[in-house]
Amino acid sequence: MIQYIETFLLDVPTIRPHKLSVATMNTQTLVLVRVRCADGVTGWGEATTIGGLNYGDESPESIKVNIDTHIAPLMIGMGATQPAKAMAKIRKIIQGNRFAKCAIETALLDAQARRLNIPLSELLGGRVRDALPVAWTLASGDTAKDIAEAEQMLDLRRHRIFKLKIGLRGVDDDVAHVLAIKRALGDRASVRVDVNQAWNEAQAVRGIAALEAGGIDLIEQPVKARNTGALGRLAQRFDVAIMADEALHGPDDAMALARSAAADVYAVKITQSGGLLPALEVATVARLAGVGLYGGTMLEGGIGTAATAHVCSTFPELAWDTELFGPLLLTQEVLREPLVYQDFMLQVPTGPGLGVEIDNDKLRAMARK
Ligand code: MUC
Ligand code: MG
């Protein structure tokens with residue numbers, strides 16, 4: 001039985017300012033959820049947003065207050081050993097709040113996998129891979145700094161896929177910035193861009209043509225999320241792969257985008273999908289529609305990153321790798337042992353549940369008072 005649900009907000013400084021078209025992040029706020037069950041098992045979940053309400057329609061504070069006030073009271077007393085049943089009830093009663101639902105579902109699945117003494121991936125159907133290639137986002141806002149950062153990541157053998165955040169400056173300035181980085185890195189790295197919806201269709205046509213000619217591999221969410229018509233026209237017009245990110249809020253969007261052939265690749269995010277089980281559905285729609293998969297992040301800390309890693313480890317195809325670097329952007333760690341990044345990959349944890357443990361002393365020190 002679910003006995004007790006607690007939520008925590010942790011404000012963690014980033015290692016450097018992280019500049020997106022919608023926000024500059026100097027801290028990331030982690031929302032952690034602890035679910036305690038009557039049989040003594042505890043599960044953890046996490047949700048993060050980007051720049052408060054700059055990126056999406058949930059904030060860390062709204063996630064916490066909606067769990068505390070509306071979701072947790074419904075769940076107390078429910079059977080803890082049937083996470084899918086509990087979540088079906090929550091999804092029926094609670095509208096929206098995908099991020100809050102994701103955090104809760106993660107905690108329930110973590111608890112159940114711990115109870116069964118298996119890694120979470122095995123509860124989700126079983127992993128087909130033990131390590132995931134991880135992209136790094138270059139978003140210092142400065143071309144020379146970004147090149148130096150990329151060189152350092154290559155030297156450390158931590159990343160050889162780089163995603164550049166653009167859309168804050170004019171199209172020509174952004175293209176010059178991206179192509180300078182691509183020229184410096186050459187064939188040693190895959191260089192991709194995330195426009196975070198900043199371009200209109202005409203700007204996108206101009207920008208993507210130049211980026212494609214310069215050897216860029218992937219263009220993420222160039223136009224507004226709801227302008228899926230333009231996204232589809234761009235996907236058809238260009239050879240370079242076009243990825244849907246903000247346009248994708250779960251299985252229904254995955255299906256609608258597939259029907260209109262609006263994207264070549266989906267960024268699968270557990271929070272944007274509304275949980276791990278809906279994220280698996282997004283991936284299934286993509287597979288059936290011939291859309292490529294990419295393991296996306298909302299810059300989560302260790303809990304949310306581990307959860308996404310377990311989900312992605314079950315994908316038969318993961319053509320575009322992942323960007324599960326969230327914990328590496330943060331200056332502090334709330335886990336007892338950090339996730340392992342080596343040889344350009346994140347190791348999918350092998351212990352029971354999420355396979356990571358919260359350090360309670362660190363949690364106490366880091367939690368917002
Ligand atoms: C996004 O839009 O993809 C992912 C990586 C990063 O730097 O920002 C996020 C959000
Ligand atoms: Mg994106």
# chains A, B, ... in the order shown; residues from 1 in each chain; ligands from 1

call {"tool": "closest_atom_pairs", "arguments": {"of": "chain A", "to": "ligand 2", "cutoff": "6 Å", "atoms": "only C-alpha atoms and all ligand atoms", "output": "Markdown table"}}
result
| residue | atom | partner | partner_atom_place_in_ligand_line | distance |
| --- | --- | --- | --- | --- |
| A:Asp194 | CA | ligand 2 | 1 (Mg) | 5.5 |
| A:Asn196 | CA | ligand 2 | 1 (Mg) | 5.6 |
| A:Asp245 | CA | ligand 2 | 1 (Mg) | 5.2 |

call {"tool": "select_by_dssp", "arguments": {"residues": "segment 42-222 of chain A", "states": "helix (DSSP H, G or I)", "output": "PyMOL selection string"}}
result
chain A and resi 60-75+83-93+98-116+120-123+143-155+171-188+201-213

call {"tool": "residues_around", "arguments": {"residues": "Ala213 of chain A", "least_positions_apart": "3", "cutoff": "12 Å", "atoms": "only C-alpha atoms", "output": "VMD selection string"}}
result
chain A and resid 175 178 to 179 182 206 to 210 216 to 217 238 to 240

call {"tool": "closest_atom_pairs", "arguments": {"of": "chain A", "to": "ligand 1", "cutoff": "6 Å", "atoms": "only C-alpha atoms and all ligand atoms", "output": "CSV"}}
result
residue,atom,partner,partner_atom_place_in_ligand_line,distance
A:Thr137,CA,ligand 1,7 (O),4.9
A:Asn196,CA,ligand 1,2 (O),5.7
A:Thr297,CA,ligand 1,4 (C),4.9
A:Met298,CA,ligand 1,9 (C),5.1
A:Leu299,CA,ligand 1,9 (C),5.8

call {"tool": "atom_distance", "arguments": {"atom1": "atom CA of Leu116 of chain A", "atom2": "atom CA of Gly353 of chain A"}}
result
8.5 Å

call {"tool": "closest_residue", "arguments": {"among": "A:Ser260, A:Ser21, A:Thr271, A:Thr322", "to": "Asn54 of chain A", "atoms": "only C-alpha atoms"}}
result
A:Ser21

call {"tool": "residues_around", "arguments": {"residues": "Gly275 of chain A", "least_positions_apart": "2", "cutoff": "8 Å", "atoms": "only C-alpha atoms", "output": "ChimeraX atom specification"}}
result
/A:98-99,101-103,105-106,270-273,277-279

call {"tool": "residues_around", "arguments": {"residues": "Cys312 of chain A", "least_positions_apart": "3", "cutoff": "12 Å", "atoms": "only C-alpha atoms", "output": "number ranges by chain"}}
result
A: 120-122, 124-134, 267-270, 276-277, 279-280, 282-284, 293-297, 305-309, 315-324, 346-348

call {"tool": "atom_distance", "arguments": {"atom1": "atom CA of Met75 of chain A", "atom2": "atom CA of Ile50 of chain A"}}
result
27.3 Å

call {"tool": "residues_around", "arguments": {"residues": "Asp155 of chain A", "least_positions_apart": "5", "cutoff": "12 Å", "atoms": "only C-alpha atoms", "output": "list in words"}}
result
Ala148, Glu149, Ala150, Arg160, Arg188, Ala189, Gln342, Asp343 and Phe344 of chain A

call {"tool": "write_last_selection", "arguments": {"atoms": "all heavy atoms", "output": "PDB file, in the first residue's frame"}}
result
ATOM      1  N   ALA A 148      36.439  25.113 -27.313  1.00  0.00           N
ATOM      2  CA  ALA A 148      37.345  24.622 -26.263  1.00  0.00           C
ATOM      3  C   ALA A 148      36.641  23.558 -25.413  1.00  0.00           C
ATOM      4  O   ALA A 148      37.240  22.531 -25.050  1.00  0.00           O
ATOM      5  CB  ALA A 148      37.800  25.787 -25.380  1.00  0.00           C
ATOM      6  N   GLU A 149      35.363  23.802 -25.114  1.00  0.00           N
ATOM      7  CA  GLU A 149      34.599  22.841 -24.311  1.00  0.00           C
ATOM      8  C   GLU A 149      34.450  21.511 -25.056  1.00  0.00           C
ATOM      9  O   GLU A 149      34.613  20.430 -24.470  1.00  0.00           O
ATOM     10  CB  GLU A 149      33.217  23.431 -23.995  1.00  0.00           C
ATOM     11  CG  GLU A 149      32.534  22.832 -22.802  1.00  0.00           C
ATOM     12  CD  GLU A 149      31.254  23.590 -22.443  1.00  0.00           C
ATOM     13  OE1 GLU A 149      31.340  24.703 -21.866  1.00  0.00           O
ATOM     14  OE2 GLU A 149      30.157  23.066 -22.729  1.00  0.00           O
ATOM     15  N   ALA A 150      34.177  21.591 -26.357  1.00  0.00           N
ATOM     16  CA  ALA A 150      34.030  20.367 -27.165  1.00  0.00           C
ATOM     17  C   ALA A 150      35.350  19.595 -27.213  1.00  0.00           C
ATOM     18  O   ALA A 150      35.374  18.366 -27.052  1.00  0.00           O
ATOM     19  CB  ALA A 150      33.566  20.720 -28.577  1.00  0.00           C
ATOM     20  N   ARG A 160      31.177  12.787 -28.057  1.00  0.00           N
ATOM     21  CA  ARG A 160      31.598  13.109 -29.420  1.00  0.00           C
ATOM     22  C   ARG A 160      30.394  13.457 -30.288  1.00  0.00           C
ATOM     23  O   ARG A 160      30.444  13.397 -31.507  1.00  0.00           O
ATOM     24  CB  ARG A 160      32.414  11.975 -30.031  1.00  0.00           C
ATOM     25  CG  ARG A 160      31.708  10.639 -30.053  1.00  0.00           C
ATOM     26  CD  ARG A 160      32.614   9.572 -30.644  1.00  0.00           C
ATOM     27  NE  ARG A 160      32.122   8.264 -30.281  1.00  0.00           N
ATOM     28  CZ  ARG A 160      32.861   7.157 -30.283  1.00  0.00           C
ATOM     29  NH1 ARG A 160      34.134   7.203 -30.618  1.00  0.00           N
ATOM     30  NH2 ARG A 160      32.342   6.003 -29.960  1.00  0.00           N
ATOM     31  N   ARG A 188      35.498  14.405 -36.370  1.00  0.00           N
ATOM     32  CA  ARG A 188      35.688  13.820 -35.032  1.00  0.00           C
ATOM     33  C   ARG A 188      34.400  13.827 -34.221  1.00  0.00           C
ATOM     34  O   ARG A 188      34.321  13.192 -33.172  1.00  0.00           O
ATOM     35  CB  ARG A 188      36.776  14.580 -34.282  1.00  0.00           C
ATOM     36  CG  ARG A 188      38.169  14.385 -34.882  1.00  0.00           C
ATOM     37  CD  ARG A 188      39.189  15.191 -34.124  1.00  0.00           C
ATOM     38  NE  ARG A 188      38.922  16.628 -34.215  1.00  0.00           N
ATOM     39  CZ  ARG A 188      39.197  17.516 -33.270  1.00  0.00           C
ATOM     40  NH1 ARG A 188      39.754  17.113 -32.142  1.00  0.00           N
ATOM     41  NH2 ARG A 188      38.928  18.797 -33.448  1.00  0.00           N
ATOM     42  N   ALA A 189      33.407  14.591 -34.694  1.00  0.00           N
ATOM     43  CA  ALA A 189      32.184  14.715 -33.889  1.00  0.00           C
ATOM     44  C   ALA A 189      30.962  14.878 -34.783  1.00  0.00           C
ATOM     45  O   ALA A 189      31.076  15.347 -35.915  1.00  0.00           O
ATOM     46  CB  ALA A 189      32.296  15.931 -32.970  1.00  0.00           C
ATOM     47  N   GLN A 342      31.480   6.903 -19.338  1.00  0.00           N
ATOM     48  CA  GLN A 342      32.829   6.539 -19.814  1.00  0.00           C
ATOM     49  C   GLN A 342      32.757   6.126 -21.274  1.00  0.00           C
ATOM     50  O   GLN A 342      31.734   5.630 -21.749  1.00  0.00           O
ATOM     51  CB  GLN A 342      33.432   5.413 -18.958  1.00  0.00           C
ATOM     52  CG  GLN A 342      32.665   4.111 -19.034  1.00  0.00           C
ATOM     53  CD  GLN A 342      33.141   3.077 -18.027  1.00  0.00           C
ATOM     54  OE1 GLN A 342      33.641   3.409 -16.956  1.00  0.00           O
ATOM     55  NE2 GLN A 342      32.979   1.810 -18.366  1.00  0.00           N
ATOM     56  N   ASP A 343      33.858   6.365 -21.988  1.00  0.00           N
ATOM     57  CA  ASP A 343      33.940   6.010 -23.408  1.00  0.00           C
ATOM     58  C   ASP A 343      32.727   6.509 -24.191  1.00  0.00           C
ATOM     59  O   ASP A 343      32.125   5.764 -24.961  1.00  0.00           O
ATOM     60  CB  ASP A 343      34.104   4.487 -23.580  1.00  0.00           C
ATOM     61  CG  ASP A 343      35.499   4.050 -23.150  1.00  0.00           C
ATOM     62  OD1 ASP A 343      36.435   4.872 -23.280  1.00  0.00           O
ATOM     63  OD2 ASP A 343      35.643   2.921 -22.656  1.00  0.00           O
ATOM     64  N   PHE A 344      32.360   7.761 -23.956  1.00  0.00           N
ATOM     65  CA  PHE A 344      31.300   8.451 -24.692  1.00  0.00           C
ATOM     66  C   PHE A 344      29.901   7.907 -24.377  1.00  0.00           C
ATOM     67  O   PHE A 344      28.954   8.218 -25.084  1.00  0.00           O
ATOM     68  CB  PHE A 344      31.542   8.376 -26.219  1.00  0.00           C
ATOM     69  CG  PHE A 344      32.913   8.841 -26.629  1.00  0.00           C
ATOM     70  CD1 PHE A 344      33.870   7.947 -27.065  1.00  0.00           C
ATOM     71  CD2 PHE A 344      33.238  10.190 -26.564  1.00  0.00           C
ATOM     72  CE1 PHE A 344      35.143   8.376 -27.435  1.00  0.00           C
ATOM     73  CE2 PHE A 344      34.485  10.641 -26.941  1.00  0.00           C
ATOM     74  CZ  PHE A 344      35.451   9.731 -27.374  1.00  0.00           C
TER      75      PHE A 344
END

call {"tool": "select_by_dssp", "arguments": {"residues": "segment 282-330 of chain A", "states": "strand (DSSP E or B)", "output": "list in words"}}
result
Gly292, Leu293, Tyr294, Gly295, Thr322 and Leu330 of chain A

call {"tool": "write_last_selection", "arguments": {"atoms": "N, CA and C atoms", "output": "PDB file, in the first residue's frame"}}
result
ATOM      1  N   GLY A 292      12.912   7.936 -36.407  1.00  0.00           N
ATOM      2  CA  GLY A 292      14.084   7.627 -35.585  1.00  0.00           C
ATOM      3  C   GLY A 292      13.887   8.063 -34.142  1.00  0.00           C
ATOM      4  N   LEU A 293      14.649   7.450 -33.237  1.00  0.00           N
ATOM      5  CA  LEU A 293      14.512   7.783 -31.814  1.00  0.00           C
ATOM      6  C   LEU A 293      15.772   8.429 -31.254  1.00  0.00           C
ATOM      7  N   TYR A 294      15.524   9.336 -30.309  1.00  0.00           N
ATOM      8  CA  TYR A 294      16.576  10.065 -29.612  1.00  0.00           C
ATOM      9  C   TYR A 294      16.149  10.156 -28.158  1.00  0.00           C
ATOM     10  N   GLY A 295      17.021   9.822 -27.233  1.00  0.00           N
ATOM     11  CA  GLY A 295      16.689   9.900 -25.816  1.00  0.00           C
ATOM     12  C   GLY A 295      16.909  11.317 -25.315  1.00  0.00           C
ATOM     13  N   THR A 322      21.475   9.632 -27.354  1.00  0.00           N
ATOM     14  CA  THR A 322      20.774  10.340 -26.263  1.00  0.00           C
ATOM     15  C   THR A 322      21.528  11.617 -25.903  1.00  0.00           C
ATOM     16  N   LEU A 330      25.494  19.968 -13.635  1.00  0.00           N
ATOM     17  CA  LEU A 330      25.211  20.458 -12.282  1.00  0.00           C
ATOM     18  C   LEU A 330      26.465  20.408 -11.409  1.00  0.00           C
TER      19      LEU A 330
END

call {"tool": "atom_distance", "arguments": {"atom1": "atom CA of Ala261 of chain A", "atom2": "atom CA of Ala235 of chain A"}}
result
7.9 Å

call {"tool": "closest_residue", "arguments": {"among": "A:Trp44, A:Leu154, A:Gly51, A:Asn97", "to": "Asp11 of chain A", "atoms": "only C-alpha atoms"}}
result
A:Gly51

call {"tool": "residues_around", "arguments": {"residues": "Val65 of chain A", "least_positions_apart": "4", "cutoff": "12 Å", "atoms": "only C-alpha atoms", "output": "PyMOL selection string"}}
result
chain A and resi 6-9+31+33+58-61+69-73+97+100

call {"tool": "write_last_selection", "arguments": {"atoms": "N, CA, C and O atoms", "output": "short mmCIF file (atom, residue, chain, number, x, y, z; two decimals), in the first residue's frame"}}
result
data_model
loop_
_atom_site.label_atom_id
_atom_site.label_comp_id
_atom_site.auth_asym_id
_atom_site.auth_seq_id
_atom_site.Cartn_x
_atom_site.Cartn_y
_atom_site.Cartn_z
N GLU A 6 6.33 12.33 -0.34
CA GLU A 6 6.97 13.61 -0.01
C GLU A 6 7.61 14.20 -1.25
O GLU A 6 8.09 13.45 -2.11
N THR A 7 7.67 15.51 -1.32
CA THR A 7 8.31 16.17 -2.46
C THR A 7 9.37 17.16 -1.93
O THR A 7 9.21 17.73 -0.85
N PHE A 8 10.41 17.33 -2.71
CA PHE A 8 11.52 18.22 -2.32
C PHE A 8 11.91 19.05 -3.54
O PHE A 8 11.92 18.53 -4.67
N LEU A 9 12.26 20.32 -3.30
CA LEU A 9 12.82 21.17 -4.36
C LEU A 9 14.30 21.39 -4.05
O LEU A 9 14.65 21.78 -2.93
N VAL A 31 12.85 18.59 -8.84
CA VAL A 31 11.73 18.21 -7.98
C VAL A 31 11.88 16.71 -7.73
O VAL A 31 11.82 15.93 -8.67
N VAL A 33 10.63 13.24 -5.70
CA VAL A 33 9.44 12.65 -5.06
C VAL A 33 9.85 11.35 -4.41
O VAL A 33 10.48 10.50 -5.05
N GLU A 58 4.60 23.84 -16.95
CA GLU A 58 4.70 23.45 -15.54
C GLU A 58 6.00 24.04 -15.00
O GLU A 58 7.00 24.08 -15.72
N SER A 59 5.97 24.46 -13.75
CA SER A 59 7.18 24.96 -13.10
C SER A 59 7.52 23.99 -11.97
O SER A 59 6.66 23.22 -11.53
N PRO A 60 8.74 24.03 -11.44
CA PRO A 60 9.07 23.15 -10.31
C PRO A 60 8.08 23.34 -9.16
O PRO A 60 7.64 22.36 -8.53
N GLU A 61 7.71 24.60 -8.91
CA GLU A 61 6.81 24.86 -7.78
C GLU A 61 5.42 24.30 -8.05
O GLU A 61 4.76 23.77 -7.16
N THR A 69 -0.87 18.65 -3.13
CA THR A 69 -2.25 19.03 -2.85
C THR A 69 -3.27 18.12 -3.53
O THR A 69 -4.32 17.83 -2.96
N HIS A 70 -2.96 17.71 -4.76
CA HIS A 70 -4.00 17.02 -5.55
C HIS A 70 -3.70 15.56 -5.85
O HIS A 70 -4.61 14.75 -5.90
N ILE A 71 -2.42 15.23 -6.09
CA ILE A 71 -2.13 13.87 -6.55
C ILE A 71 -1.86 12.93 -5.36
O ILE A 71 -2.45 11.86 -5.27
N ALA A 72 -0.99 13.37 -4.45
CA ALA A 72 -0.63 12.49 -3.32
C ALA A 72 -1.85 12.03 -2.52
O ALA A 72 -1.99 10.84 -2.24
N PRO A 73 -2.78 12.95 -2.16
CA PRO A 73 -3.93 12.49 -1.37
C PRO A 73 -4.74 11.40 -2.06
O PRO A 73 -5.30 10.53 -1.41
N ASN A 97 -0.54 18.22 -16.27
CA ASN A 97 0.47 17.91 -15.25
C ASN A 97 1.31 16.67 -15.61
O ASN A 97 1.52 15.78 -14.79
N ALA A 100 4.50 16.23 -13.34
CA ALA A 100 4.17 15.72 -12.00
C ALA A 100 3.84 14.23 -12.09
O ALA A 100 4.30 13.43 -11.26
#

call {"tool": "closest_residue", "arguments": {"among": "A:Arg183, A:Lys362, A:Arg192, A:Lys19", "to": "Ile161 of chain A", "atoms": "only C-alpha atoms"}}
result
A:Arg192
